[in-house]
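Listing of protein_15.txt; format and content: compact mmCIF, C-alpha atoms (C1' of nucleotides).
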```txt
# COMPACT_ATOMS: atom_id res chain seq x y z
CA MET A 1 -0.93 15.52 45.36
CA LEU A 2 0.58 12.24 44.46
CA GLU A 3 -2.47 11.41 42.38
CA GLN A 4 -1.92 14.42 40.14
CA ASN A 5 1.37 13.04 38.93
CA ARG A 6 -0.47 10.04 37.55
CA VAL A 7 -2.31 12.08 34.95
CA PRO A 8 -0.85 10.73 31.73
CA TYR A 9 1.11 13.09 29.58
CA GLY A 10 -1.05 12.30 26.57
CA VAL A 11 -4.34 13.62 27.95
CA ASP A 12 -3.62 17.26 27.24
CA LYS A 13 -2.27 16.49 23.83
CA LEU A 14 -5.48 14.66 22.95
CA ARG A 15 -7.72 17.40 24.30
CA ARG A 16 -5.83 20.01 22.35
CA ALA A 17 -6.34 17.92 19.24
CA GLY A 18 -10.08 17.75 19.91
CA LEU A 19 -10.07 14.05 20.74
CA ARG A 20 -11.75 12.69 23.82
CA PRO A 21 -9.03 11.17 26.00
CA THR A 22 -10.37 7.65 26.30
CA GLN A 23 -8.43 4.82 27.95
CA GLN A 24 -7.29 3.38 24.64
CA ARG A 25 -6.32 6.66 23.05
CA VAL A 26 -4.36 7.74 26.12
CA ALA A 27 -2.54 4.42 26.31
CA LEU A 28 -1.65 4.50 22.62
CA ALA A 29 -0.59 8.14 22.82
CA GLU A 30 1.72 7.24 25.71
CA LEU A 31 3.31 4.50 23.65
CA LEU A 32 3.64 6.72 20.61
CA PHE A 33 4.80 9.99 22.08
CA ALA A 34 6.59 9.05 25.30
CA ASP A 35 10.08 8.96 23.94
CA GLY A 36 11.24 10.63 20.76
CA ASP A 37 10.37 10.00 17.15
CA ARG A 38 8.96 6.67 16.16
CA HIS A 39 7.94 4.87 12.98
CA ILE A 40 5.21 2.34 13.50
CA THR A 41 2.54 0.29 11.76
CA ALA A 42 -0.87 -0.58 13.13
CA GLU A 43 0.30 -4.14 13.68
CA SER A 44 3.51 -3.17 15.48
CA LEU A 45 1.72 -0.71 17.76
CA TYR A 46 -0.97 -3.27 18.50
CA ASP A 47 1.63 -5.90 19.42
CA GLU A 48 3.40 -3.42 21.63
CA ALA A 49 0.18 -2.43 23.37
CA VAL A 50 -0.78 -6.04 23.99
CA ALA A 51 2.70 -6.81 25.31
CA LYS A 52 2.35 -3.96 27.80
CA GLY A 53 -1.04 -5.17 28.93
CA VAL A 54 -3.08 -2.42 27.29
CA LYS A 55 -6.60 -3.58 26.53
CA VAL A 56 -7.24 -2.55 22.96
CA SER A 57 -8.35 -4.20 19.75
CA LEU A 58 -6.54 -4.09 16.44
CA ALA A 59 -9.52 -2.33 14.84
CA THR A 60 -9.27 0.41 17.43
CA VAL A 61 -5.57 0.79 16.77
CA TYR A 62 -6.31 1.30 13.09
CA ASN A 63 -9.07 3.76 13.85
CA THR A 64 -6.96 5.59 16.40
CA LEU A 65 -3.99 5.93 14.07
CA ASN A 66 -6.23 7.45 11.42
CA GLN A 67 -7.80 9.79 13.95
CA PHE A 68 -4.36 10.87 15.13
CA LYS A 69 -3.30 11.39 11.54
CA ASP A 70 -6.39 13.49 10.77
CA ALA A 71 -5.77 15.49 13.93
CA GLY A 72 -2.21 16.20 12.84
CA LEU A 73 -0.57 14.21 15.64
CA LEU A 74 0.89 11.70 13.20
CA ARG A 75 2.05 11.70 9.62
CA GLU A 76 1.62 8.82 7.23
CA VAL A 77 4.73 7.64 5.41
CA VAL A 78 4.12 5.78 2.18
CA VAL A 79 7.06 3.55 1.39
CA ARG A 80 5.57 0.18 0.64
CA ALA A 81 2.49 -0.88 -1.26
CA GLY A 82 0.11 -2.70 0.98
CA LYS A 83 1.28 -1.48 4.36
CA SER A 84 0.72 1.81 6.19
CA TYR A 85 3.49 3.38 8.23
CA PHE A 86 3.09 6.30 10.60
CA ASP A 87 5.67 8.75 11.89
CA THR A 88 5.38 10.65 15.17
CA ASN A 89 7.57 13.37 13.70
CA THR A 90 5.10 15.59 11.84
CA THR A 91 7.63 18.16 10.70
CA THR A 92 8.94 18.21 7.15
CA HIS A 93 11.59 15.57 6.71
CA HIS A 94 12.42 12.54 4.60
CA HIS A 95 13.11 8.84 4.97
CA PHE A 96 15.34 5.91 4.35
CA PHE A 97 13.47 2.72 3.70
CA ASP A 98 15.32 -0.56 4.05
CA GLU A 99 13.67 -2.82 1.50
CA GLN A 100 15.07 -5.94 3.12
CA THR A 101 14.09 -5.31 6.73
CA GLY A 102 11.13 -3.01 6.12
CA SER A 103 12.49 -0.48 8.58
CA ILE A 104 12.22 3.29 8.24
CA GLU A 105 14.76 5.87 9.41
CA ASP A 106 14.72 9.62 9.19
CA ILE A 107 17.16 11.12 6.74
CA ASP A 108 19.49 13.81 7.87
CA LEU A 109 19.02 15.59 4.57
CA ASP A 110 19.51 19.24 3.96
CA VAL A 111 17.27 19.76 0.95
CA ASP A 112 15.66 23.14 0.74
CA GLU A 113 11.98 22.34 0.48
CA GLU A 114 11.26 25.74 -1.06
CA ASP A 115 13.88 25.24 -3.74
CA LEU A 116 12.37 21.91 -4.61
CA ARG A 117 8.88 23.33 -4.80
CA GLU A 118 10.04 26.07 -7.11
CA LEU A 119 11.78 23.63 -9.43
CA VAL A 120 8.52 21.81 -10.00
CA LYS A 121 5.92 23.05 -12.44
CA VAL A 122 2.67 22.38 -10.63
CA PRO A 123 -0.34 21.62 -12.86
CA ASN A 124 -2.96 24.35 -13.22
CA GLY A 125 -5.49 24.53 -10.43
CA LYS A 126 -3.48 22.24 -8.18
CA CYS A 127 -1.36 22.93 -5.14
CA ILE A 128 1.28 20.91 -3.35
CA THR A 129 0.29 19.23 -0.09
CA ALA A 130 3.63 17.53 0.50
CA VAL A 131 6.93 16.58 -1.06
CA ASP A 132 8.09 13.15 0.02
CA ILE A 133 11.55 11.80 -0.65
CA VAL A 134 12.23 8.13 -0.02
CA VAL A 135 15.76 6.78 -0.32
CA ARG A 136 15.55 3.02 -0.74
CA LEU A 137 18.32 0.91 0.71
CA ARG A 138 19.59 -2.63 0.62
CA ASP A 139 22.70 -4.38 1.90
CA GLU A 140 25.87 -3.45 0.11
CA ARG A 141 27.05 -6.45 -1.88
CA VAL A 142 30.44 -7.54 -0.60
CA MET B 1 4.66 -10.82 -46.44
CA LEU B 2 1.46 -9.44 -45.09
CA GLU B 3 1.44 -12.04 -42.37
CA GLN B 4 4.76 -10.87 -41.01
CA ASN B 5 3.31 -7.50 -40.11
CA ARG B 6 0.92 -9.22 -37.73
CA VAL B 7 3.69 -10.30 -35.39
CA PRO B 8 2.98 -8.22 -32.30
CA TYR B 9 5.52 -5.67 -31.33
CA GLY B 10 5.73 -7.10 -27.80
CA VAL B 11 7.02 -10.55 -28.72
CA ASP B 12 10.64 -9.53 -29.18
CA LYS B 13 10.56 -7.42 -26.06
CA LEU B 14 9.36 -10.40 -24.06
CA ARG B 15 11.91 -12.77 -25.55
CA ARG B 16 14.72 -10.35 -24.81
CA ALA B 17 13.49 -10.20 -21.23
CA GLY B 18 13.57 -13.98 -20.99
CA LEU B 19 9.80 -14.33 -20.81
CA ARG B 20 7.93 -16.77 -22.98
CA PRO B 21 5.64 -14.73 -25.25
CA THR B 22 2.31 -16.26 -24.33
CA GLN B 23 -1.02 -14.90 -25.54
CA GLN B 24 -1.72 -13.06 -22.32
CA ARG B 25 1.73 -11.58 -21.92
CA VAL B 26 1.81 -10.39 -25.50
CA ALA B 27 -1.63 -8.85 -25.21
CA LEU B 28 -0.77 -7.07 -21.97
CA ALA B 29 2.58 -5.92 -23.36
CA GLU B 30 0.78 -4.43 -26.34
CA LEU B 31 -1.55 -2.51 -24.06
CA LEU B 32 1.31 -1.34 -21.86
CA PHE B 33 3.98 -0.43 -24.35
CA ALA B 34 2.11 0.46 -27.53
CA ASP B 35 1.93 4.18 -27.04
CA GLY B 36 4.21 6.15 -24.75
CA ASP B 37 4.57 6.17 -21.00
CA ARG B 38 1.73 4.89 -18.89
CA HIS B 39 0.88 4.61 -15.21
CA ILE B 40 -1.41 1.73 -14.41
CA THR B 41 -2.66 -0.53 -11.64
CA ALA B 42 -3.46 -4.23 -11.92
CA GLU B 43 -7.13 -3.39 -11.77
CA SER B 44 -6.98 -0.67 -14.44
CA LEU B 45 -4.98 -2.85 -16.80
CA TYR B 46 -7.34 -5.76 -16.23
CA ASP B 47 -10.37 -3.58 -16.98
CA GLU B 48 -8.70 -2.30 -20.12
CA ALA B 49 -7.83 -5.79 -21.27
CA VAL B 50 -11.36 -7.05 -20.68
CA ALA B 51 -12.78 -4.03 -22.51
CA LYS B 52 -10.60 -4.86 -25.53
CA GLY B 53 -11.70 -8.47 -25.49
CA VAL B 54 -8.42 -9.91 -24.21
CA LYS B 55 -8.98 -13.19 -22.40
CA VAL B 56 -7.05 -12.88 -19.17
CA SER B 57 -7.74 -13.25 -15.48
CA LEU B 58 -7.03 -10.67 -12.81
CA ALA B 59 -4.62 -13.06 -11.11
CA THR B 60 -2.64 -13.36 -14.32
CA VAL B 61 -2.52 -9.58 -14.65
CA TYR B 62 -1.04 -9.37 -11.14
CA ASN B 63 1.45 -12.13 -11.86
CA THR B 64 2.37 -10.64 -15.22
CA LEU B 65 2.93 -7.16 -13.79
CA ASN B 66 5.28 -8.62 -11.19
CA GLN B 67 7.11 -10.66 -13.83
CA PHE B 68 7.49 -7.56 -16.00
CA LYS B 69 8.74 -5.64 -13.01
CA ASP B 70 11.29 -8.33 -12.13
CA ALA B 71 12.39 -8.41 -15.76
CA GLY B 72 12.94 -4.65 -15.72
CA LEU B 73 10.19 -3.85 -18.20
CA LEU B 74 8.18 -1.96 -15.59
CA ARG B 75 8.92 0.06 -12.51
CA GLU B 76 6.76 0.09 -9.42
CA VAL B 77 5.70 3.49 -8.09
CA VAL B 78 4.75 3.62 -4.44
CA VAL B 79 2.45 6.55 -3.82
CA ARG B 80 -0.46 5.15 -1.89
CA ALA B 81 -0.68 2.59 0.85
CA GLY B 82 -2.71 -0.38 -0.20
CA LYS B 83 -2.46 0.01 -3.96
CA SER B 84 0.34 -0.84 -6.40
CA TYR B 85 1.06 1.39 -9.35
CA PHE B 86 3.36 0.56 -12.24
CA ASP B 87 5.13 2.86 -14.67
CA THR B 88 6.21 1.87 -18.17
CA ASN B 89 8.95 4.48 -18.00
CA THR B 90 11.80 2.66 -16.25
CA THR B 91 14.26 5.54 -16.41
CA THR B 92 15.00 7.67 -13.36
CA HIS B 93 12.27 10.24 -12.89
CA HIS B 94 9.77 11.39 -10.32
CA HIS B 95 6.03 11.79 -9.88
CA PHE B 96 3.09 13.95 -9.07
CA PHE B 97 0.36 12.13 -7.21
CA ASP B 98 -3.09 13.66 -7.13
CA GLU B 99 -4.48 12.58 -3.79
CA GLN B 100 -8.04 13.35 -4.83
CA THR B 101 -8.17 11.55 -8.14
CA GLY B 102 -5.46 8.97 -7.48
CA SER B 103 -3.76 9.80 -10.77
CA ILE B 104 0.00 9.83 -11.34
CA GLU B 105 1.92 12.12 -13.67
CA ASP B 106 5.59 12.34 -14.41
CA ILE B 107 7.36 15.39 -13.05
CA ASP B 108 9.40 17.54 -15.32
CA LEU B 109 11.95 17.96 -12.56
CA ASP B 110 15.57 18.78 -13.06
CA VAL B 111 17.02 17.38 -9.84
CA ASP B 112 20.52 16.08 -10.13
CA GLU B 113 20.25 12.55 -8.83
CA GLU B 114 23.96 12.42 -8.07
CA ASP B 115 23.78 15.60 -6.02
CA LEU B 116 20.95 14.18 -4.02
CA ARG B 117 22.77 10.94 -3.38
CA GLU B 118 25.80 12.81 -2.18
CA LEU B 119 23.75 14.94 0.21
CA VAL B 120 22.52 11.82 1.98
CA LYS B 121 24.59 10.01 4.55
CA VAL B 122 23.89 6.37 3.79
CA PRO B 123 24.01 4.00 6.78
CA ASN B 124 27.04 1.71 7.03
CA GLY B 125 26.88 -1.44 4.95
CA LYS B 126 23.91 -0.20 2.94
CA CYS B 127 23.64 1.12 -0.57
CA ILE B 128 20.97 3.10 -2.36
CA THR B 129 18.71 1.23 -4.76
CA ALA B 130 16.53 4.20 -5.66
CA VAL B 131 15.59 7.73 -4.72
CA ASP B 132 11.90 8.41 -5.14
CA ILE B 133 10.36 11.85 -4.99
CA VAL B 134 6.60 12.17 -4.80
CA VAL B 135 4.96 15.57 -4.99
CA ARG B 136 1.46 15.28 -3.60
CA LEU B 137 -1.25 17.48 -5.07
CA ARG B 138 -4.78 18.53 -4.38
CA ASP B 139 -7.14 21.12 -5.84
CA GLU B 140 -6.19 24.68 -5.15
CA ARG B 141 -8.76 26.15 -2.78
CA VAL B 142 -10.53 29.05 -4.45
C1' DG C 1 -28.08 10.75 30.58
C1' DT C 2 -26.15 10.92 26.17
C1' DA C 3 -23.13 11.33 22.56
C1' DA C 4 -18.80 9.54 21.54
C1' DC C 5 -16.05 5.61 21.58
C1' DT C 6 -14.68 0.60 21.71
C1' DG C 7 -14.68 -4.28 20.73
C1' DC C 8 -15.73 -7.89 18.07
C1' DA C 9 -16.72 -10.06 14.06
C1' DA C 10 -17.69 -9.61 9.59
C1' DA C 11 -16.88 -7.40 5.32
C1' DA C 12 -14.16 -5.11 1.89
C1' DC C 13 -10.15 -4.81 -0.83
C1' DT C 14 -5.86 -5.88 -2.79
C1' DT C 15 -2.71 -9.35 -3.78
C1' DT C 16 -0.84 -14.17 -3.68
C1' DT C 17 -1.14 -19.12 -4.14
C1' DG C 18 -2.43 -24.11 -5.27
C1' DC C 19 -3.56 -26.99 -8.70
C1' DA C 20 -5.77 -28.93 -12.82
C1' DA C 21 -5.99 -27.70 -17.54
C1' DC C 22 -3.61 -25.62 -21.38
C1' DC C 23 -0.20 -24.13 -24.68
C1' DA C 24 4.51 -22.71 -26.72
C1' DG C 25 8.49 -24.66 -28.35
C1' DC D 1 5.83 -34.35 -25.41
C1' DT D 2 6.92 -31.40 -21.46
C1' DG D 3 7.67 -27.80 -18.64
C1' DG D 4 6.19 -23.19 -18.29
C1' DT D 5 1.86 -20.60 -17.99
C1' DT D 6 -2.99 -19.67 -17.12
C1' DG D 7 -7.49 -19.59 -14.94
C1' DC D 8 -10.17 -20.18 -11.25
C1' DA D 9 -11.19 -20.23 -6.74
C1' DA D 10 -9.54 -20.08 -2.46
C1' DA D 11 -6.49 -18.07 0.84
C1' DA D 12 -3.83 -14.52 2.84
C1' DG D 13 -2.94 -9.96 4.45
C1' DT D 14 -4.33 -5.34 5.51
C1' DT D 15 -7.78 -2.10 6.59
C1' DT D 16 -12.66 -0.63 7.24
C1' DT D 17 -17.32 -1.05 8.93
C1' DG D 18 -21.76 -2.20 11.51
C1' DC D 19 -23.63 -2.52 15.66
C1' DA D 20 -24.35 -3.66 20.51
C1' DG D 21 -22.36 -2.42 24.63
C1' DT D 22 -19.37 0.83 27.31
C1' DT D 23 -17.36 5.15 28.78
C1' DA D 24 -16.29 10.12 29.34
C1' DC D 25 -18.19 14.14 30.74
```
Could you render the structure from this file as structure tokens?
Amino acid sequence: MLEQNRVPYGVDKLRRAGLRPTQQRVALAELLFADGDRHITAESLYDEAVAKGVKVSLATVYNTLNQFKDAGLLREVVVRAGKSYFDTNTTTHHHFFDEQTGSIEDIDLDVDEEDLRELVKVPNGKCITAVDIVVRLRDERV
Amino acid sequence: MLEQNRVPYGVDKLRRAGLRPTQQRVALAELLFADGDRHITAESLYDEAVAKGVKVSLATVYNTLNQFKDAGLLREVVVRAGKSYFDTNTTTHHHFFDEQTGSIEDIDLDVDEEDLRELVKVPNGKCITAVDIVVRLRDERV
DNA sequence: GTAACTGCAAAACTTTTGCAACCAG
DNA sequence: CTGGTTGCAAAAGTTTTGCAGTTAC
């Protein structure tokens, strides 16, 4: 009975996504999805995993993040050339990006996605996969 | 008289931007600004320069693009992790990004920038440097 | 048992940097 | 001349890949 409570929360989530719940994937899923929305990079998640004693390699973190993204568990946020960010919130929303600290925050923005899509004249034969809004920030000069 | 017409268009532009009009900068400026708005990467501009017989190294193309950006002659467009795009149109506007071909197009989008800025609750002590909208495209499935 | 997955190291790619040679003013 | 600029190669940073060994089922 006690043992059952040890089954990590992430296992079901992985199975549902069609991913075999291996040690590394379960551990990373726990880190990612345990509490609320998170914005991470491969490097930051790897550091976190190592700090918590999870045995995983950086290459596996990269691979796992891409697998999670392909499975729809994560969303990639493109805010900076040369670095990949991932967001555990896969619903439609937008981001602040602090250019000085490199940190990402969700925007509490009430833009009607449908309105925006209708304003745009999509090229023939193409369809929209996503509309991303990034509001770039820096310190207010005093 | 005839000789005067040979002075490349880019020289003045560079001087005004505080950049010494060297051979490579002038040649790259000609490629970039000669005809209308362009979206390029370091690699694509380097290939183009080499194809036209311009003597320049890839490192110099990278350095030059960053100098032009810092001088306000170019704007960086972040649409894909791991690759830097630049836009010769430095006015406020937004972009289509074709995820399959990697090509960028300007959007004919009539979003009131001020409206958007007012909708967003900017964190304390921060100010907005830019609002970027990227509409991601792929082929319509038939 | 076996196919899927991981770890490691190496490779691939993009971008930056150090420094001797070069060139614009 | 002289300092800013360039070219080259090397380094740095991020991400992917190949393959032998391991693991989930």
Spatial neighbours of region 46-58 of chain B, 10 Å, all atoms listed in the file, chain gap at least 3 places, as number ranges by chain | B: 23-25, 27-28, 31, 40-43, 61-64; D: 6-8
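With CA of Thr88 (chain A) on one side and CA of Val120 (chain B) on the other, the separation reads 21.7 Å.
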Which one is closest to chain B: A:Leu65, A:Leu74, A:Ala81, A:Val26? Count all atoms listed in the file.
-> A:Ala81
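Here CA of Ser103 (chain A) stands at a distance of 8.3 Å from CA of His39 (chain A).
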Which residues, written as a ChimeraX atom specification, have at least one atom at most 9 Å from region 5-11 of chain C, with only C-alpha atoms (C1' of nucleotides) counted and residues fewer than 3 positions away on the same chain left out?
-> /A:20,22,24,56-57,59-60 /D:16-18,21-24
With all atoms listed in the file as the atoms that count, which of A:Gly82, A:Tyr9, A:Leu32, A:Thr92 lies nearest to chain C?
->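 The answer is A:Gly82, which sits nearest to chain C.
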Report as AutoDock Vina command-line options the centre and the edge lengths, in Å to one decimal, of the axis-aligned box holding every listed atom of region 7-21 of chain D, padded by 8 Å on each side.
```
--center_x -13.6 --center_y -10.4 --center_z 4.8 --size_x 37.4 --size_y 35.6 --size_z 55.6
```
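Take the candidates B:Arg38, B:Val78, B:Gln67, B:Glu114 and check each one against DT5 (chain D) using only C-alpha atoms (C1' of nucleotides); the shortest distance goes to B:Gln67.
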Nearest residue to chain A from the set B:Ser84, B:Ser44, B:Gln100, B:Asn66 (distances using all atoms listed in the file) = B:Ser84
Work out how far apart CA of Ile107 (chain B) and CA of Phe96 (chain A) are and give it in Å to one decimal.
->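 Distance reported for this atom pair: 21.4 Å.
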Hey, which bits of chain C sit within 12 Å of chain B, and for each residue what's the closest pair of atoms and how far apart in Å (one decimal), counting all atoms listed in the file, rows by chain and increasing number, as a Markdown table?
```
| residue | atom | partner | partner_atom | distance |
| --- | --- | --- | --- | --- |
| C:DC13 | C1' | B:Gly82 | CA | 8.7 |
| C:DT14 | C1' | B:Gly82 | CA | 6.8 |
| C:DT15 | C1' | B:Tyr62 | CA | 7.5 |
| C:DT16 | C1' | B:Ala59 | CA | 8.4 |
| C:DT17 | C1' | B:Ala59 | CA | 9.9 |
| C:DC22 | C1' | B:Thr22 | CA | 11.5 |
| C:DC23 | C1' | B:Thr22 | CA | 8.3 |
| C:DA24 | C1' | B:Thr22 | CA | 7.2 |
| C:DG25 | C1' | B:Arg20 | CA | 9.6 |
```
Tell me the residues of chain B close to chain A, meaning within 10 Å using all atoms listed in the file, as a PyMOL selection string.
-> chain B and resi 76-85+94+96-99+105+107-111+116-142
Select, from A:Leu19, A:Leu73, A:Ala29, A:Ile104, the residue with the minimum atom-to-atom distance to chain D, counting all atoms listed in the file.
->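 So, comparing all the options, the nearest one is A:Leu19.
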